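Novice: Input file: final30.cif. Contents: mmCIF, C-alpha atoms.
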```
data_data
#
loop_
_atom_site.group_PDB
_atom_site.id
_atom_site.type_symbol
_atom_site.label_atom_id
_atom_site.label_comp_id
_atom_site.auth_asym_id
_atom_site.auth_seq_id
_atom_site.Cartn_x
_atom_site.Cartn_y
_atom_site.Cartn_z
ATOM 1 C CA MET Q 1 -24.939 -10.488 0.761
ATOM 2 C CA ASN Q 2 -21.953 -12.229 -0.805
ATOM 3 C CA THR Q 3 -22.373 -14.788 -3.569
ATOM 4 C CA LEU Q 4 -19.815 -17.403 -4.511
ATOM 5 C CA VAL Q 5 -20.130 -18.996 -7.940
ATOM 6 C CA LEU Q 6 -18.100 -22.083 -8.834
ATOM 7 C CA PHE Q 7 -17.925 -23.544 -12.308
ATOM 8 C CA GLU Q 8 -17.307 -27.245 -12.669
ATOM 9 C CA GLU Q 9 -14.538 -28.151 -15.051
ATOM 10 C CA PHE Q 10 -14.525 -31.595 -16.627
ATOM 11 C CA GLY Q 11 -11.734 -33.564 -15.017
ATOM 12 C CA GLY Q 12 -11.008 -30.760 -12.561
ATOM 13 C CA ASN Q 13 -10.080 -31.336 -8.950
ATOM 14 C CA PRO Q 14 -12.122 -29.173 -6.530
ATOM 15 C CA SER Q 15 -9.576 -29.715 -3.761
ATOM 16 C CA LEU Q 16 -7.137 -27.558 -5.747
ATOM 17 C CA VAL Q 17 -9.373 -24.467 -5.675
ATOM 18 C CA ASN Q 18 -7.815 -21.508 -3.861
ATOM 19 C CA PHE Q 19 -9.660 -18.512 -2.451
ATOM 20 C CA GLN Q 20 -8.477 -15.098 -1.431
ATOM 21 C CA THR Q 21 -10.628 -12.773 0.616
ATOM 22 C CA VAL Q 22 -10.181 -9.141 -0.335
ATOM 23 C CA VAL Q 23 -11.715 -6.910 2.294
ATOM 24 C CA GLY Q 24 -10.484 -3.539 1.179
ATOM 25 C CA THR Q 25 -7.669 -1.077 0.986
ATOM 26 C CA ALA Q 26 -6.631 2.090 2.713
ATOM 27 C CA CYS Q 27 -4.432 4.735 1.167
ATOM 28 C CA GLY Q 28 -2.533 7.590 2.701
ATOM 29 C CA ASN Q 29 -0.233 10.318 1.485
ATOM 30 C CA ALA Q 30 1.720 13.164 2.971
ATOM 31 C CA TYR Q 31 4.034 15.801 1.612
ATOM 32 C CA GLU Q 32 7.591 16.049 2.887
ATOM 33 C CA ASN Q 33 7.976 16.808 6.616
ATOM 34 C CA LYS Q 34 4.294 16.056 7.316
ATOM 35 C CA MET Q 35 2.751 13.027 9.036
ATOM 36 C CA MET Q 36 1.118 10.330 6.913
ATOM 37 C CA GLU Q 37 -1.864 8.735 8.666
ATOM 38 C CA LEU Q 38 -3.142 5.338 7.569
ATOM 39 C CA SER Q 39 -6.257 3.662 8.999
ATOM 40 C CA CYS Q 40 -8.381 0.605 8.254
ATOM 41 C CA HIS Q 41 -11.201 1.967 10.459
ATOM 42 C CA GLY Q 42 -11.371 -0.760 13.077
ATOM 43 C CA ARG Q 43 -9.785 -3.575 11.073
ATOM 44 C CA PRO Q 44 -6.085 -4.475 11.137
ATOM 45 C CA ILE Q 45 -3.725 -3.566 8.326
ATOM 46 C CA SER Q 46 -2.680 -6.923 6.855
ATOM 47 C CA ALA Q 47 -0.150 -5.890 4.187
ATOM 48 C CA ILE Q 48 1.458 -2.960 2.388
ATOM 49 C CA ARG Q 49 0.633 -3.197 -1.311
ATOM 50 C CA PHE Q 50 2.511 -0.052 -2.452
ATOM 51 C CA ALA Q 51 4.821 2.458 -0.797
ATOM 52 C CA SER Q 52 6.915 5.208 -2.326
ATOM 53 C CA PHE Q 53 8.632 8.384 -1.149
ATOM 54 C CA GLY Q 54 9.665 10.824 -3.866
ATOM 55 C CA ASP Q 55 7.412 11.821 -6.740
ATOM 56 C CA PRO Q 56 4.986 8.898 -7.122
ATOM 57 C CA GLN Q 57 1.952 9.425 -9.317
ATOM 58 C CA GLY Q 58 -1.535 7.964 -9.621
ATOM 59 C CA THR Q 59 -4.430 7.430 -7.278
ATOM 60 C CA CYS Q 60 -5.338 4.844 -4.659
ATOM 61 C CA GLY Q 61 -5.288 1.455 -6.345
ATOM 62 C CA SER Q 62 -3.118 2.607 -9.238
ATOM 63 C CA PHE Q 63 -0.051 4.353 -7.792
ATOM 64 C CA TYR Q 64 3.225 4.094 -9.690
ATOM 65 C CA LYS Q 65 6.808 5.155 -9.070
ATOM 66 C CA ARG Q 66 8.733 7.717 -11.070
ATOM 67 C CA ILE Q 67 12.429 8.570 -11.336
ATOM 68 C CA CYS Q 68 12.772 10.506 -8.070
ATOM 69 C CA GLU Q 69 12.590 7.901 -5.322
ATOM 70 C CA ALA Q 70 14.074 7.046 -1.955
ATOM 71 C CA ASN Q 71 14.944 3.426 -1.228
ATOM 72 C CA ASP Q 72 11.804 1.301 -1.075
ATOM 73 C CA PRO Q 73 10.049 2.104 2.251
ATOM 74 C CA THR Q 74 7.797 -0.980 2.152
ATOM 75 C CA SER Q 75 9.615 -2.975 4.849
ATOM 76 C CA LEU Q 76 9.689 0.037 7.190
ATOM 77 C CA LEU Q 77 5.955 0.579 6.717
ATOM 78 C CA GLU Q 78 5.248 -3.122 7.207
ATOM 79 C CA SER Q 79 7.041 -3.086 10.549
ATOM 80 C CA GLU Q 80 5.269 0.129 11.622
ATOM 81 C CA CYS Q 81 1.761 -0.669 10.365
ATOM 82 C CA VAL Q 82 0.960 -4.350 9.735
ATOM 83 C CA GLY Q 83 -1.202 -5.813 12.495
ATOM 84 C CA LYS Q 84 -2.393 -2.394 13.695
ATOM 85 C CA GLU Q 85 -5.694 -0.677 12.962
ATOM 86 C CA SER Q 86 -3.880 2.563 12.181
ATOM 87 C CA CYS Q 87 -0.378 3.966 12.013
ATOM 88 C CA SER Q 88 1.440 7.168 11.215
ATOM 89 C CA ILE Q 89 4.884 7.956 9.885
ATOM 90 C CA GLU Q 90 6.703 11.170 9.057
ATOM 91 C CA ALA Q 91 7.322 11.708 5.353
ATOM 92 C CA SER Q 92 10.930 12.827 5.602
ATOM 93 C CA GLU Q 93 14.342 11.890 4.268
ATOM 94 C CA ASP Q 94 15.492 11.482 7.886
ATOM 95 C CA ILE Q 95 13.004 8.609 8.315
ATOM 96 C CA LEU Q 96 12.671 7.225 4.773
ATOM 97 C CA GLY Q 97 16.122 7.924 3.352
ATOM 98 C CA PRO Q 98 17.420 10.327 0.725
ATOM 99 C CA THR Q 99 15.754 10.635 -2.650
ATOM 100 C CA THR Q 100 17.492 10.748 -6.004
ATOM 101 C CA CYS Q 101 16.529 14.351 -6.756
ATOM 102 C CA SER Q 102 16.162 17.769 -5.231
ATOM 103 C CA GLY Q 103 14.162 20.889 -5.853
ATOM 104 C CA ILE Q 104 10.767 19.198 -6.061
ATOM 105 C CA SER Q 105 7.979 18.685 -3.574
ATOM 106 C CA LYS Q 106 8.327 15.104 -2.361
ATOM 107 C CA ARG Q 107 5.541 12.986 -0.917
ATOM 108 C CA LEU Q 108 4.974 9.597 0.665
ATOM 109 C CA VAL Q 109 2.111 7.499 -0.723
ATOM 110 C CA VAL Q 110 1.030 4.164 0.720
ATOM 111 C CA GLU Q 111 -1.628 1.626 -0.207
ATOM 112 C CA ALA Q 112 -2.413 -0.928 2.481
ATOM 113 C CA VAL Q 113 -4.599 -4.030 2.519
ATOM 114 C CA CYS Q 114 -7.172 -4.120 5.322
#
```
For the file at hand, write its structure as structure tokens.

Specialist:
Amino acid sequence: MNTLVLFEEFGGNPSLVNFQTVVGTACGNAYENKMMELSCHGRPISAIRFASFGDPQGTCGSFYKRICEANDPTSLLESECVGKESCSIEASEDILGPTTCSGISKRLVVEAVC
């Protein structure tokens, strides 16, 4: 059951109230030269909230970029994933572009809105 609570503000205009429905997120990650699978389990992916290939840190919902990064892969992931229930992409420099460092284990992390 969902509950919506509105508070009346003196002099406020209720026609200016905006709502955003947040259904959920899906996160995926893959180390270099592996496939990253992303799925909203029967619902379409509506947006890419975060995408990074290099040495991103954090966990789903709180990823952040570090120094070693390829060019931002967000637009590529949007074109491959948005509107689909699932998608996959290879975590490689051939697909995502070169990173700014070498000698470390690189990975692709993605957070999508379902």

Novice: Could you tell me, as an mmCIF file with C-alpha atoms, keeping the file's coordinate frame, which residues have any atom at most 12 Å from (14.1, 20.3, -6.1), counting only C-alpha atoms?

Specialist:
```cif
data_model
loop_
_atom_site.group_PDB
_atom_site.id
_atom_site.type_symbol
_atom_site.label_atom_id
_atom_site.label_comp_id
_atom_site.auth_asym_id
_atom_site.auth_seq_id
_atom_site.Cartn_x
_atom_site.Cartn_y
_atom_site.Cartn_z
ATOM 1 C CA GLU Q 32 7.591 16.049 2.887
ATOM 2 C CA GLY Q 54 9.665 10.824 -3.866
ATOM 3 C CA ASP Q 55 7.412 11.821 -6.740
ATOM 4 C CA CYS Q 68 12.772 10.506 -8.070
ATOM 5 C CA THR Q 99 15.754 10.635 -2.650
ATOM 6 C CA THR Q 100 17.492 10.748 -6.004
ATOM 7 C CA CYS Q 101 16.529 14.351 -6.756
ATOM 8 C CA SER Q 102 16.162 17.769 -5.231
ATOM 9 C CA GLY Q 103 14.162 20.889 -5.853
ATOM 10 C CA ILE Q 104 10.767 19.198 -6.061
ATOM 11 C CA SER Q 105 7.979 18.685 -3.574
ATOM 12 C CA LYS Q 106 8.327 15.104 -2.361
#
```

Novice: Go ahead and compute the interatomic distance for atom CA of Phe63 of chain Q and atom CA of Gly42 of chain Q, in Å to one decimal.

Specialist: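 Going from atom CA of Phe63 of chain Q over to atom CA of Gly42 of chain Q, I get 24.3 Å.
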
Novice: Interatomic distance between atom CA of Leu77 of chain Q and atom CA of Glu111 of chain Q?

Specialist: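 Here the two named atoms are 10.3 Å from each other.
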
Novice: Rank Q:Cys60, Q:Cys81, Q:Cys87, Q:Leu108 by their smallest atom-to-atom distance to Ala47 of chain Q, using all atoms listed in the file, and report the top residue only.

Specialist: Q:Cys81

Novice: Starting from the PyMOL selection byres ((chain Q and resi 27) around 9), expand the selection into actual residues of this file and give them as a list of chain:residue names.

Specialist: Q:Thr25, Q:Ala26, Q:Gly28, Q:Asn29, Q:Glu37, Q:Leu38, Q:Ser39, Q:Thr59, Q:Cys60, Q:Gly61, Q:Val109, Q:Val110, Q:Glu111, Q:Ala112, Q:Val113

Novice: With all atoms listed in the file as the basis for distance, which of Q:Lys65, Q:Arg49, Q:Arg43, Q:Lys34 is at the shortest distance from Ile95 of chain Q?

Specialist: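 Closest to Ile95 of chain Q, using all atoms listed in the file: Q:Lys34.
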
Novice: Work out where the centre of an axis-aligned box around every listed atom of segment 21-36 of chain Q lies and how long its edges are once 8 Å is added on each side; give both in Å to one decimal as AutoDock Vina command-line options.

Specialist:
```
--center_x -1.9 --center_y 2.0 --center_z 4.4 --size_x 35.7 --size_y 45.6 --size_z 25.4
```

Novice: Determine, counting all atoms listed in the file, every residue of protein, DNA or RNA that lies within 12 Å of (6.9, -3.3, 11.6) in the file coordinates, then give the result as a CSV table (one decimal) with C-alpha atoms, keeping the file's coordinate frame.

Specialist:
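Listed below is the output, out_29.csv:
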```csv
chain,number,residue,atom,x,y,z
Q,45,ILE,CA,-3.7,-3.6,8.3
Q,46,SER,CA,-2.7,-6.9,6.9
Q,47,ALA,CA,-0.2,-5.9,4.2
Q,48,ILE,CA,1.5,-3.0,2.4
Q,73,PRO,CA,10.0,2.1,2.3
Q,74,THR,CA,7.8,-1.0,2.2
Q,75,SER,CA,9.6,-3.0,4.8
Q,76,LEU,CA,9.7,0.0,7.2
Q,77,LEU,CA,6.0,0.6,6.7
Q,78,GLU,CA,5.2,-3.1,7.2
Q,79,SER,CA,7.0,-3.1,10.5
Q,80,GLU,CA,5.3,0.1,11.6
Q,81,CYS,CA,1.8,-0.7,10.4
Q,82,VAL,CA,1.0,-4.4,9.7
Q,83,GLY,CA,-1.2,-5.8,12.5
Q,84,LYS,CA,-2.4,-2.4,13.7
Q,87,CYS,CA,-0.4,4.0,12.0
Q,88,SER,CA,1.4,7.2,11.2
Q,89,ILE,CA,4.9,8.0,9.9
```

Novice: To one decimal place, how far is atom CA of Ala30 of chain Q from atom CA of Ala70 of chain Q in Å?

Specialist: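 Going from atom CA of Ala30 of chain Q over to atom CA of Ala70 of chain Q, I get 14.6 Å.
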
Novice: With distances taken over all atoms listed in the file, which residue among Q:Ala91, Q:Ala51, Q:Ile67, Q:Cys114 lies nearest Gly24 of chain Q?

Specialist: Q:Cys114

Novice: How would segment 21-57 of chain Q look with N, CA and C atoms restored, written as an mmCIF file, keeping the file's coordinate frame?

Specialist:
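Output (out-v1.cif):
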```cif
data_model
loop_
_atom_site.group_PDB
_atom_site.id
_atom_site.type_symbol
_atom_site.label_atom_id
_atom_site.label_comp_id
_atom_site.auth_asym_id
_atom_site.auth_seq_id
_atom_site.Cartn_x
_atom_site.Cartn_y
_atom_site.Cartn_z
ATOM 1 N N THR Q 21 -9.646 -13.742 0.175
ATOM 2 C CA THR Q 21 -10.628 -12.773 0.616
ATOM 3 C C THR Q 21 -10.014 -11.380 0.532
ATOM 4 N N VAL Q 22 -10.643 -10.515 -0.216
ATOM 5 C CA VAL Q 22 -10.181 -9.141 -0.335
ATOM 6 C C VAL Q 22 -11.201 -8.268 0.376
ATOM 7 N N VAL Q 23 -10.801 -7.693 1.482
ATOM 8 C CA VAL Q 23 -11.715 -6.910 2.294
ATOM 9 C C VAL Q 23 -11.702 -5.450 1.880
ATOM 10 N N GLY Q 24 -10.548 -4.930 1.573
ATOM 11 C CA GLY Q 24 -10.484 -3.539 1.179
ATOM 12 C C GLY Q 24 -9.086 -2.989 1.291
ATOM 13 N N THR Q 25 -8.961 -1.745 0.928
ATOM 14 C CA THR Q 25 -7.669 -1.077 0.986
ATOM 15 C C THR Q 25 -7.827 0.265 1.686
ATOM 16 N N ALA Q 26 -6.705 0.746 2.138
ATOM 17 C CA ALA Q 26 -6.631 2.090 2.713
ATOM 18 C C ALA Q 26 -5.409 2.756 2.114
ATOM 19 N N CYS Q 27 -5.550 4.003 1.744
ATOM 20 C CA CYS Q 27 -4.432 4.735 1.167
ATOM 21 C C CYS Q 27 -4.172 5.995 1.974
ATOM 22 N N GLY Q 28 -2.918 6.373 2.018
ATOM 23 C CA GLY Q 28 -2.533 7.590 2.701
ATOM 24 C C GLY Q 28 -1.428 8.282 1.937
ATOM 25 N N ASN Q 29 -1.345 9.579 2.089
ATOM 26 C CA ASN Q 29 -0.233 10.318 1.485
ATOM 27 C C ASN Q 29 0.047 11.555 2.312
ATOM 28 N N ALA Q 30 1.302 11.964 2.246
ATOM 29 C CA ALA Q 30 1.720 13.164 2.971
ATOM 30 C C ALA Q 30 2.898 13.790 2.241
ATOM 31 N N TYR Q 31 2.897 15.105 2.194
ATOM 32 C CA TYR Q 31 4.034 15.801 1.612
ATOM 33 C C TYR Q 31 5.182 15.824 2.611
ATOM 34 N N GLU Q 32 6.369 16.092 2.092
ATOM 35 C CA GLU Q 32 7.591 16.049 2.887
ATOM 36 C C GLU Q 32 7.456 16.847 4.183
ATOM 37 N N ASN Q 33 7.969 16.251 5.265
ATOM 38 C CA ASN Q 33 7.976 16.808 6.616
ATOM 39 C C ASN Q 33 6.584 16.921 7.248
ATOM 40 N N LYS Q 34 5.632 16.158 6.732
ATOM 41 C CA LYS Q 34 4.294 16.056 7.316
ATOM 42 C C LYS Q 34 4.075 14.609 7.741
ATOM 43 N N MET Q 35 3.079 14.377 8.583
ATOM 44 C CA MET Q 35 2.751 13.027 9.036
ATOM 45 C C MET Q 35 1.760 12.374 8.079
ATOM 46 N N MET Q 36 2.032 11.115 7.717
ATOM 47 C CA MET Q 36 1.118 10.330 6.913
ATOM 48 C C MET Q 36 0.333 9.426 7.862
ATOM 49 N N GLU Q 37 -0.979 9.534 7.826
ATOM 50 C CA GLU Q 37 -1.864 8.735 8.666
ATOM 51 C C GLU Q 37 -2.527 7.671 7.795
ATOM 52 N N LEU Q 38 -2.547 6.453 8.302
ATOM 53 C CA LEU Q 38 -3.142 5.338 7.569
ATOM 54 C C LEU Q 38 -4.064 4.601 8.526
ATOM 55 N N SER Q 39 -5.305 4.322 8.110
ATOM 56 C CA SER Q 39 -6.257 3.662 8.999
ATOM 57 C C SER Q 39 -7.161 2.726 8.218
ATOM 58 N N CYS Q 40 -7.424 1.563 8.814
ATOM 59 C CA CYS Q 40 -8.381 0.605 8.254
ATOM 60 C C CYS Q 40 -9.704 0.662 9.009
ATOM 61 N N HIS Q 41 -9.930 1.697 9.787
ATOM 62 C CA HIS Q 41 -11.201 1.967 10.459
ATOM 63 C C HIS Q 41 -11.727 0.754 11.225
ATOM 64 N N GLY Q 42 -10.942 0.315 12.200
ATOM 65 C CA GLY Q 42 -11.371 -0.760 13.077
ATOM 66 C C GLY Q 42 -10.919 -2.151 12.674
ATOM 67 N N ARG Q 43 -10.324 -2.284 11.506
ATOM 68 C CA ARG Q 43 -9.785 -3.575 11.073
ATOM 69 C C ARG Q 43 -8.268 -3.463 11.017
ATOM 70 N N PRO Q 44 -7.550 -4.554 11.185
ATOM 71 C CA PRO Q 44 -6.085 -4.475 11.137
ATOM 72 C C PRO Q 44 -5.557 -4.331 9.712
ATOM 73 N N ILE Q 45 -4.456 -3.640 9.594
ATOM 74 C CA ILE Q 45 -3.725 -3.566 8.326
ATOM 75 C C ILE Q 45 -3.020 -4.900 8.163
ATOM 76 N N SER Q 46 -3.253 -5.581 7.039
ATOM 77 C CA SER Q 46 -2.680 -6.923 6.855
ATOM 78 C C SER Q 46 -1.466 -6.942 5.934
ATOM 79 N N ALA Q 47 -1.296 -5.926 5.093
ATOM 80 C CA ALA Q 47 -0.150 -5.890 4.187
ATOM 81 C C ALA Q 47 -0.001 -4.484 3.613
ATOM 82 N N ILE Q 48 1.200 -4.206 3.116
ATOM 83 C CA ILE Q 48 1.458 -2.960 2.388
ATOM 84 C C ILE Q 48 1.583 -3.334 0.921
ATOM 85 N N ARG Q 49 0.654 -2.857 0.115
ATOM 86 C CA ARG Q 49 0.633 -3.197 -1.311
ATOM 87 C C ARG Q 49 1.565 -2.283 -2.122
ATOM 88 N N PHE Q 50 1.674 -1.017 -1.722
ATOM 89 C CA PHE Q 50 2.511 -0.052 -2.452
ATOM 90 C C PHE Q 50 3.008 0.980 -1.464
ATOM 91 N N ALA Q 51 4.261 1.374 -1.606
ATOM 92 C CA ALA Q 51 4.821 2.458 -0.797
ATOM 93 C C ALA Q 51 5.914 3.142 -1.609
ATOM 94 N N SER Q 52 5.906 4.459 -1.596
ATOM 95 C CA SER Q 52 6.915 5.208 -2.326
ATOM 96 C C SER Q 52 7.078 6.586 -1.698
ATOM 97 N N PHE Q 53 8.325 7.033 -1.603
ATOM 98 C CA PHE Q 53 8.632 8.384 -1.149
ATOM 99 C C PHE Q 53 9.491 9.042 -2.215
ATOM 100 N N GLY Q 54 8.989 10.108 -2.788
ATOM 101 C CA GLY Q 54 9.665 10.824 -3.866
ATOM 102 C C GLY Q 54 8.623 11.578 -4.661
ATOM 103 N N ASP Q 55 8.448 11.181 -5.924
ATOM 104 C CA ASP Q 55 7.412 11.821 -6.740
ATOM 105 C C ASP Q 55 6.484 10.785 -7.384
ATOM 106 N N PRO Q 56 5.905 9.886 -6.563
ATOM 107 C CA PRO Q 56 4.986 8.898 -7.122
ATOM 108 C C PRO Q 56 3.758 9.575 -7.716
ATOM 109 N N GLN Q 57 3.128 8.899 -8.636
ATOM 110 C CA GLN Q 57 1.952 9.425 -9.317
ATOM 111 C C GLN Q 57 0.805 8.431 -9.180
#
```
